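Here is the structure we will look at, set down as structure tokens.
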Amino acid sequence: MVREAPRSILPDGVHTGACPFDCPDTCNWQVTVKEGRAVLLGGVRENPYTRGALCVKVSKYLEYTQHPDRVLYPLARVGKKGEGRFERISWDDALSRISEAFQEAIAEHGPESIWPHQLTGQFGHIQGVYSAGHRLFNRMGASRNAITNCSVSGELASAYTVGPGRSLEPALIRHAKTILLWGANTISTNQHLRPFLEDARRAGAKIIAIDPLYTRTAEFADQHIPLVPGTDAALALGIIREIVVRGVHDRTFIETWTSGWELFQKQLDAYDMESVADLTGVPTTVIQSLVTDIVDRKPTAIRMSQGMQRHAGGGMAVRTIMCIPAVTGDWALLGGGAAYDIGGYFGPNYEKLCGAHLRRDDSARTLTVTHLGVNLRDLKDPPVKCLYIWGGNPLASAPETELIRSGLLRPDLFTVVSDHFITETAKYADLFLPATMQTEQEDLHNGYGHLNLIWNNKICEAPGECLPNTEIFRRLAGAMGYSEPELFASDEQLARDALDSTHPSCEGITLESLKSSPFVRQNYPESPHTLLGFTTPSGKFEFDAPSMAAEGLPTTACYTPPLEVADPELRGKFPFAVISPAAHYFLNSVFGNFAPNVSRQGEPIVAISSGEADRCSLAGGDLVRVYNDRGSFVARLTIDERLAAGIAACPKGQWRGLDGTFRNVNATVSSRASDMGGGAVYNDNRVAIEKYEPNQSAWEEQA
Amino acid sequence: MTIVVTENCHKCRFTECVDVCPVGCFRLGDDMVYIAADDCIECRACIPVCPVSAIYDSDDLPPHLEKWVGINREFADLLPAATARLDPLPGAEERRQTLVSLS
């Protein structure tokens with residue numbers, strides 16, 4: 001049967017927008033409309049970052065918007081929580097039920113008993129993580145929400161070290177001669193950087209992947225250096241010590257552009273080659289040759305990504321790695337430095353956009369999404385009585401999912417989920433609200449891997465009764481009886497409020513200029529980082545950041561070891577340090593229900609080396625139960641000889657395990673926090689692996 | 001599971017695909033191009049720009065063209081990268097018109 005393409009609201013022609021997902025690339029896309037239908041999705045060719053390409057995850061997005069399981073109407077639960085049985089209700093009914101539950105919670109427990117639990121399924125400054133719902137929940141006085149599952153530790157680290165969001169622009173990597181893809185699976189999760197890497201390689205650059213896993217990026221690189229998970233900062237300190245020992249550190253740069261060097265360098269003696277090799281598992285000869293590349297082939301550009309900072313010392317790892325180009329002085333060279341999330345280059349007026357003035361009591365608590373299960377169980381004064389989840393599926397993507405599941409089963413908890421599908425999380429909702437997808441709504445996007453701003457045009461009719469997040473929150477504000485005009489601002493007005501900023505990135509950029517072009521670059525030149533300047537309190541690169549003391553952190557960049565990975569006692573019980581990297585064909589858990597992507601990704605797997613499999617009396621192809629004290633999941637064992645002893649890999653994002661239950665690797669992940677910002681520790685996790693007998697119910701056995 | 005160039009490219013070689021490919025995964029044969037599956041990121045940018053509709057996602061490949069998955073793999077290993085757009089082969093435009101009229 002031939003699929004009928006989505007109906008368009010725009011005239012025939014090509015209309016532009018942005019991919020909405022949690023990815024550094026934020027692709028500039030275009031939709032071809034022919035005879036009133038959106039027939040083709042592709043990348044915008046003239047965008048110098050996207051270069052006309054989308055990616056394997058998103059290329060079939062138009063089909064995805066027509067997924068047969070998509071929910072098109074508001075639903076109310078009729079079965080037990082978790083059963084997933086719902087009946088259709090009207091929007092008016094849904095909104096009045098929500099407002100009633102919210103008012104009751106406010107009257108009995110205060111507004112902080114409401115948790116607006118937003119996650120990263122929709123980026124963007126209008127519909128997404130940066131603002132949607134914030135005005136309403138500020139007005140309500142609800143608990144604040146901190147999205148801590150992804151990048152926060154590295155973001156704070158980056159802020160302490162070079163200034164908020166102000167690390168190296170990744171595209172400048174093409175000018176580098178040594179490129180370290182450090183804890184970054186660029187080929188899978190930052191695909192549009194690849195042409196820049198190819199450009200650099202053609203110009204003579206050497207590309208080195210530093211990663212415990214042999215990823216597609218390791219395959220692409222000229223050299224792969226595996227290390228013990230979470231020991232990245234120790235390797236960085238070993239590199240730095242060796243640079244100093246060789247006497248090739250850039251004294252002029254250090255004196256002119258940095259602060260805290262004296263304090264920082266005191267620790268270096270402890271990181272001699274042998275000690276670092278012991279800690280990291282990287283042979284001394286490999287570290288020596290890495291140092292030679294760094295000092296002989298300047299500048300060095302380091303690309304870090306989020307996975308590396310998901311452990312007990314994750315923030316400090318990002319911070320310490322950033323010190324390498326400060327010691328060599330490469331931050332002063334075009335293409336030199338270290339790149340992390342660069343979303344902070346964009347400086348819209350967040351206070352206005354999010355309606356900060358609408359919050360009457362500024363003392364409201366902040367709840368971190370990493371601790372959803374713990375908070376649902378333990379919070380008192382007030383407890384969480386109402387949970388409104390949008391842009392996310394915590395039962396697939398958050399740590400310690402079984403604790404979350406028991407929290408969501410609490411009979412006194414009122415849960416709203418707004419999404420596109422009945423996800424595992426949505427099955428526990430009292431009410432389900434159907435949201436629009438990206439081609440059916442307007443949004444304003446920056447990227448956290450590039451400096452372009454993109455206006456996303458609404459191109460297609462919303463199917464059924466799906467509504468944009470902003471419209472849902474406007475209607476909910478009305479149902480709550482609120483009257484502040486800011487709560488009813490149109491999407492365009494929200495965009496204007498965002499751009500009403502004195503920040504240099506917004507200078508000369510208006511809604512009109514964004515709408516008249518597929519993309520607009522923020523006002524930054526491509527220049528050596530020292531010309532852009534460090535935006536730390538001292539205006540310098542901070543080896544020592546006194547501001548960290550207020551958070552109880554060591555102020556000097558250093559090595560903070562991982563917790564579970566480095567725990568010998570735990571290793572006895574749970575012999576595998578398991579890494580859960582991004583799957584090539586999923587984006588977090590998005591597309592985990594979309595056949596073209598699921599069939600490419602294949603079934604849930606856990607990979608170990610054949611030596612480890614032998615030791616555990618297992619064989620490739622076995623169904624195995626992966627478990628620890630927090631939970632378990634069932635996957636297919638695959639053999640990967642490139643994995644070191646004691647390391648297991650399990651790509652994330654699968655919706656269900658091979659026992660048919662909706663449990664993935666996150667059932668085993670702890671919800672404890674990393675060193676900075678309450679960040680999640682997905683890659684600081686230990687498990688055991690045993691053969692799974694299909695008639696055994698893994699979870700019941702645990703209970 | 002992959003993107004492949006098929007028989008319509010033969011003796012045409014318009015190379016619009018080479019121009020749009022973000023990762024340089026096309027390989028240049030004497031009378032057509034091939035895709036190196038290991039380099040392709042399956043972004044599908046090339047599929048709609050081919051003037052003779054020679055490029056397919058293997059998921060959408062008609063049965064009589066399935067052999068081209070193997071052919072692409074085999075030839076891609078032997079051939080140099082296509083680095084820039086080239087003039088079409090002589091007779092390509094006539095061939096394109098024939099192919100269009102047949103489709």
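Ordering of the structure tokens sets the chain letters (A, B, ...), residue numbers begin anew at 1 in every chain, and ligands are numbered from 1 in the order given.
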Please return, as a ChimeraX atom specification, all residues of chain B lying within 12 Å of chain A when only C-alpha atoms are considered. /B:1-3,17-25,38-49,57-60,83
Find the residues near stretch 68-73 of chain A: any atom within 7 Å, counting only C-alpha atoms, skip ones fewer than 3 places away on the same chain, and give them as JSON, numbers by chain. {"A": [88, 420, 421, 434, 463, 464, 465, 466]}
Restrict the selected residues to C-alpha atoms and save them as a PDB file, in the first residue's frame.
```pdb
ATOM      1  CA  ARG A  88     -10.439   8.965  24.672  1.00  0.00           C
ATOM      2  CA  HIS A 420       3.534  11.077  20.850  1.00  0.00           C
ATOM      3  CA  PHE A 421       3.226   7.432  21.847  1.00  0.00           C
ATOM      4  CA  PRO A 434      -0.967  14.149  22.503  1.00  0.00           C
ATOM      5  CA  PRO A 463      -2.998  15.050  12.943  1.00  0.00           C
ATOM      6  CA  GLY A 464      -6.081  14.445  15.087  1.00  0.00           C
ATOM      7  CA  GLU A 465      -6.138  16.732  18.095  1.00  0.00           C
ATOM      8  CA  CYS A 466      -2.384  16.936  18.703  1.00  0.00           C
TER       9      CYS A 466
END
```
Compile the contact shell of A:Ser610 as a list in words: residues with an atom at most 10 Å away, counting only C-alpha atoms, same-chain residues fewer than 2 positions apart removed. Ala607, Ile608, Glu612, Ala613, Asp614, Arg615, Cys616, Leu618, Ala619, Gly620, Thr638, Ile639, Asp640, Glu641, Arg642, Leu643 and Ala645 of chain A
With DSSP run on the backbone, what are the strand (DSSP E) residues within stretch 504-621 of chain A? I'd like them as a ChimeraX atom specification. /A:520-521,541-542,576-579,605-608
Selected residues written out, N, CA and C atoms, as an mmCIF file, in the first residue's frame:
```
data_model
loop_
_atom_site.group_PDB
_atom_site.id
_atom_site.type_symbol
_atom_site.label_atom_id
_atom_site.label_comp_id
_atom_site.auth_asym_id
_atom_site.auth_seq_id
_atom_site.Cartn_x
_atom_site.Cartn_y
_atom_site.Cartn_z
ATOM 1 N N VAL A 520 20.799 31.386 10.456
ATOM 2 C CA VAL A 520 21.602 32.594 10.667
ATOM 3 C C VAL A 520 22.713 32.235 11.643
ATOM 4 N N ARG A 521 23.931 32.556 11.289
ATOM 5 C CA ARG A 521 25.019 32.289 12.239
ATOM 6 C C ARG A 521 25.042 33.357 13.327
ATOM 7 N N PHE A 541 41.812 31.294 31.413
ATOM 8 C CA PHE A 541 41.619 29.854 31.572
ATOM 9 C C PHE A 541 41.945 29.519 33.026
ATOM 10 N N GLU A 542 41.029 28.862 33.736
ATOM 11 C CA GLU A 542 41.225 28.681 35.177
ATOM 12 C C GLU A 542 41.633 27.248 35.537
ATOM 13 N N PHE A 576 31.686 -6.946 35.762
ATOM 14 C CA PHE A 576 31.762 -6.126 34.540
ATOM 15 C C PHE A 576 31.434 -4.657 34.801
ATOM 16 N N ALA A 577 32.342 -3.785 34.385
ATOM 17 C CA ALA A 577 32.022 -2.358 34.304
ATOM 18 C C ALA A 577 31.285 -2.184 32.981
ATOM 19 N N VAL A 578 30.026 -1.798 33.057
ATOM 20 C CA VAL A 578 29.235 -1.735 31.819
ATOM 21 C C VAL A 578 29.065 -0.295 31.359
ATOM 22 N N ILE A 579 29.360 -0.097 30.079
ATOM 23 C CA ILE A 579 29.186 1.208 29.439
ATOM 24 C C ILE A 579 27.912 1.114 28.607
ATOM 25 N N ILE A 605 21.523 -6.001 22.945
ATOM 26 C CA ILE A 605 22.700 -6.850 23.122
ATOM 27 C C ILE A 605 23.526 -6.373 24.311
ATOM 28 N N VAL A 606 24.349 -7.279 24.800
ATOM 29 C CA VAL A 606 25.438 -6.880 25.683
ATOM 30 C C VAL A 606 26.676 -7.563 25.131
ATOM 31 N N ALA A 607 27.752 -6.806 25.004
ATOM 32 C CA ALA A 607 28.976 -7.340 24.393
ATOM 33 C C ALA A 607 30.076 -7.482 25.430
ATOM 34 N N ILE A 608 30.792 -8.604 25.362
ATOM 35 C CA ILE A 608 32.009 -8.815 26.156
ATOM 36 C C ILE A 608 33.012 -9.568 25.278
#
```
Taking 2 positions as the minimum chain separation for residues in the same chain, which residues sit within 12 Å of A:Leu156 when counting only C-alpha atoms? Answer as a ChimeraX atom specification. /A:148,151-154,158-167,309,314-319,340-342,344,536,545,547-548,551,553,674-679
Would you save the residues of that selection, restricted to N, CA and C atoms, as a tab-separated table (two decimals), in the first residue's frame?
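Final file, out17.tsv:
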```tsv
chain	number	residue	atom	x	y	z
A	148	THR	N	19.27	16.61	34.49
A	148	THR	CA	20.62	16.21	34.89
A	148	THR	C	21.05	14.88	34.28
A	151	SER	N	24.21	16.14	30.18
A	151	SER	CA	25.50	16.82	29.97
A	151	SER	C	25.93	17.70	31.13
A	152	VAL	N	25.15	17.75	32.21
A	152	VAL	CA	25.31	18.84	33.17
A	152	VAL	C	26.69	18.88	33.82
A	153	SER	N	27.25	17.73	34.15
A	153	SER	CA	28.55	17.74	34.85
A	153	SER	C	29.61	18.40	33.98
A	154	GLY	N	29.64	18.00	32.71
A	154	GLY	CA	30.63	18.58	31.79
A	154	GLY	C	30.35	20.05	31.51
A	158	SER	N	33.01	22.84	32.18
A	158	SER	CA	33.40	23.73	31.10
A	158	SER	C	33.25	25.19	31.54
A	159	ALA	N	32.18	25.49	32.26
A	159	ALA	CA	31.94	26.85	32.75
A	159	ALA	C	33.04	27.28	33.72
A	160	TYR	N	33.41	26.39	34.66
A	160	TYR	CA	34.46	26.73	35.63
A	160	TYR	C	35.79	26.97	34.93
A	161	THR	N	36.01	26.28	33.81
A	161	THR	CA	37.35	26.23	33.23
A	161	THR	C	37.56	27.29	32.15
A	162	VAL	N	36.58	27.38	31.21
A	162	VAL	CA	36.75	28.34	30.10
A	162	VAL	C	35.62	29.37	30.03
A	163	GLY	N	34.55	29.16	30.80
A	163	GLY	CA	33.40	30.06	30.75
A	163	GLY	C	32.18	29.30	30.28
A	164	PRO	N	30.99	29.72	30.73
A	164	PRO	CA	29.77	28.95	30.45
A	164	PRO	C	29.54	28.70	28.96
A	165	GLY	N	29.48	27.43	28.61
A	165	GLY	CA	29.15	27.04	27.23
A	165	GLY	C	30.17	27.48	26.20
A	166	ARG	N	31.37	27.89	26.65
A	166	ARG	CA	32.27	28.56	25.72
A	166	ARG	C	33.51	27.75	25.38
A	167	SER	N	33.33	26.47	25.12
A	167	SER	CA	34.49	25.71	24.68
A	167	SER	C	34.67	25.89	23.17
A	309	GLN	N	31.53	11.88	30.75
A	309	GLN	CA	31.39	12.54	32.06
A	309	GLN	C	30.27	11.91	32.90
A	314	GLY	N	33.04	12.76	36.67
A	314	GLY	CA	32.84	13.14	35.26
A	314	GLY	C	33.10	14.60	34.97
A	315	GLY	N	32.60	15.47	35.85
A	315	GLY	CA	32.81	16.90	35.63
A	315	GLY	C	34.29	17.21	35.65
A	316	MET	N	34.96	16.64	36.65
A	316	MET	CA	36.39	16.92	36.77
A	316	MET	C	37.17	16.35	35.59
A	317	ALA	N	36.68	15.28	35.00
A	317	ALA	CA	37.37	14.72	33.83
A	317	ALA	C	37.34	15.72	32.66
A	318	VAL	N	36.17	16.29	32.41
A	318	VAL	CA	36.06	17.27	31.32
A	318	VAL	C	36.98	18.45	31.60
A	319	ARG	N	36.95	18.90	32.84
A	319	ARG	CA	37.75	20.07	33.23
A	319	ARG	C	39.24	19.80	33.05
A	340	TYR	N	33.27	20.95	24.02
A	340	TYR	CA	32.21	20.20	24.70
A	340	TYR	C	30.91	20.81	24.18
A	341	ASP	N	29.89	20.85	24.99
A	341	ASP	CA	28.62	21.47	24.61
A	341	ASP	C	28.83	22.98	24.44
A	342	ILE	N	28.50	23.53	23.25
A	342	ILE	CA	28.72	24.97	23.04
A	342	ILE	C	27.40	25.74	22.97
A	344	GLY	N	26.03	27.36	25.13
A	344	GLY	CA	26.11	28.62	25.89
A	344	GLY	C	26.62	29.81	25.12
A	536	THR	N	35.34	33.23	32.11
A	536	THR	CA	35.39	32.87	33.53
A	536	THR	C	35.45	34.15	34.36
A	545	ALA	N	39.85	27.28	39.99
A	545	ALA	CA	38.65	28.11	39.91
A	545	ALA	C	38.10	28.30	41.32
A	547	SER	N	35.71	29.81	42.46
A	547	SER	CA	34.25	29.75	42.58
A	547	SER	C	33.75	28.33	42.88
A	548	MET	N	34.57	27.31	42.64
A	548	MET	CA	34.12	25.94	42.88
A	548	MET	C	34.03	25.61	44.37
A	551	GLU	N	30.70	25.21	46.01
A	551	GLU	CA	29.96	23.97	45.76
A	551	GLU	C	30.61	22.79	46.49
A	553	LEU	N	33.59	21.71	46.02
A	553	LEU	CA	34.43	20.95	45.08
A	553	LEU	C	35.88	21.37	45.22
A	674	SER	N	26.92	12.46	40.03
A	674	SER	CA	28.32	12.68	39.72
A	674	SER	C	28.84	13.84	40.58
A	675	ASP	N	30.04	14.28	40.30
A	675	ASP	CA	30.64	15.34	41.12
A	675	ASP	C	30.03	16.72	40.91
A	676	MET	N	29.48	16.99	39.73
A	676	MET	CA	29.01	18.35	39.46
A	676	MET	C	27.56	18.38	38.97
A	677	GLY	N	26.73	19.21	39.59
A	677	GLY	CA	25.39	19.48	39.09
A	677	GLY	C	24.40	18.33	39.23
A	678	GLY	N	24.74	17.31	40.01
A	678	GLY	CA	23.81	16.19	40.17
A	678	GLY	C	23.70	15.35	38.91
A	679	GLY	N	24.74	15.33	38.10
A	679	GLY	CA	24.70	14.59	36.83
A	679	GLY	C	24.59	13.09	37.02
```
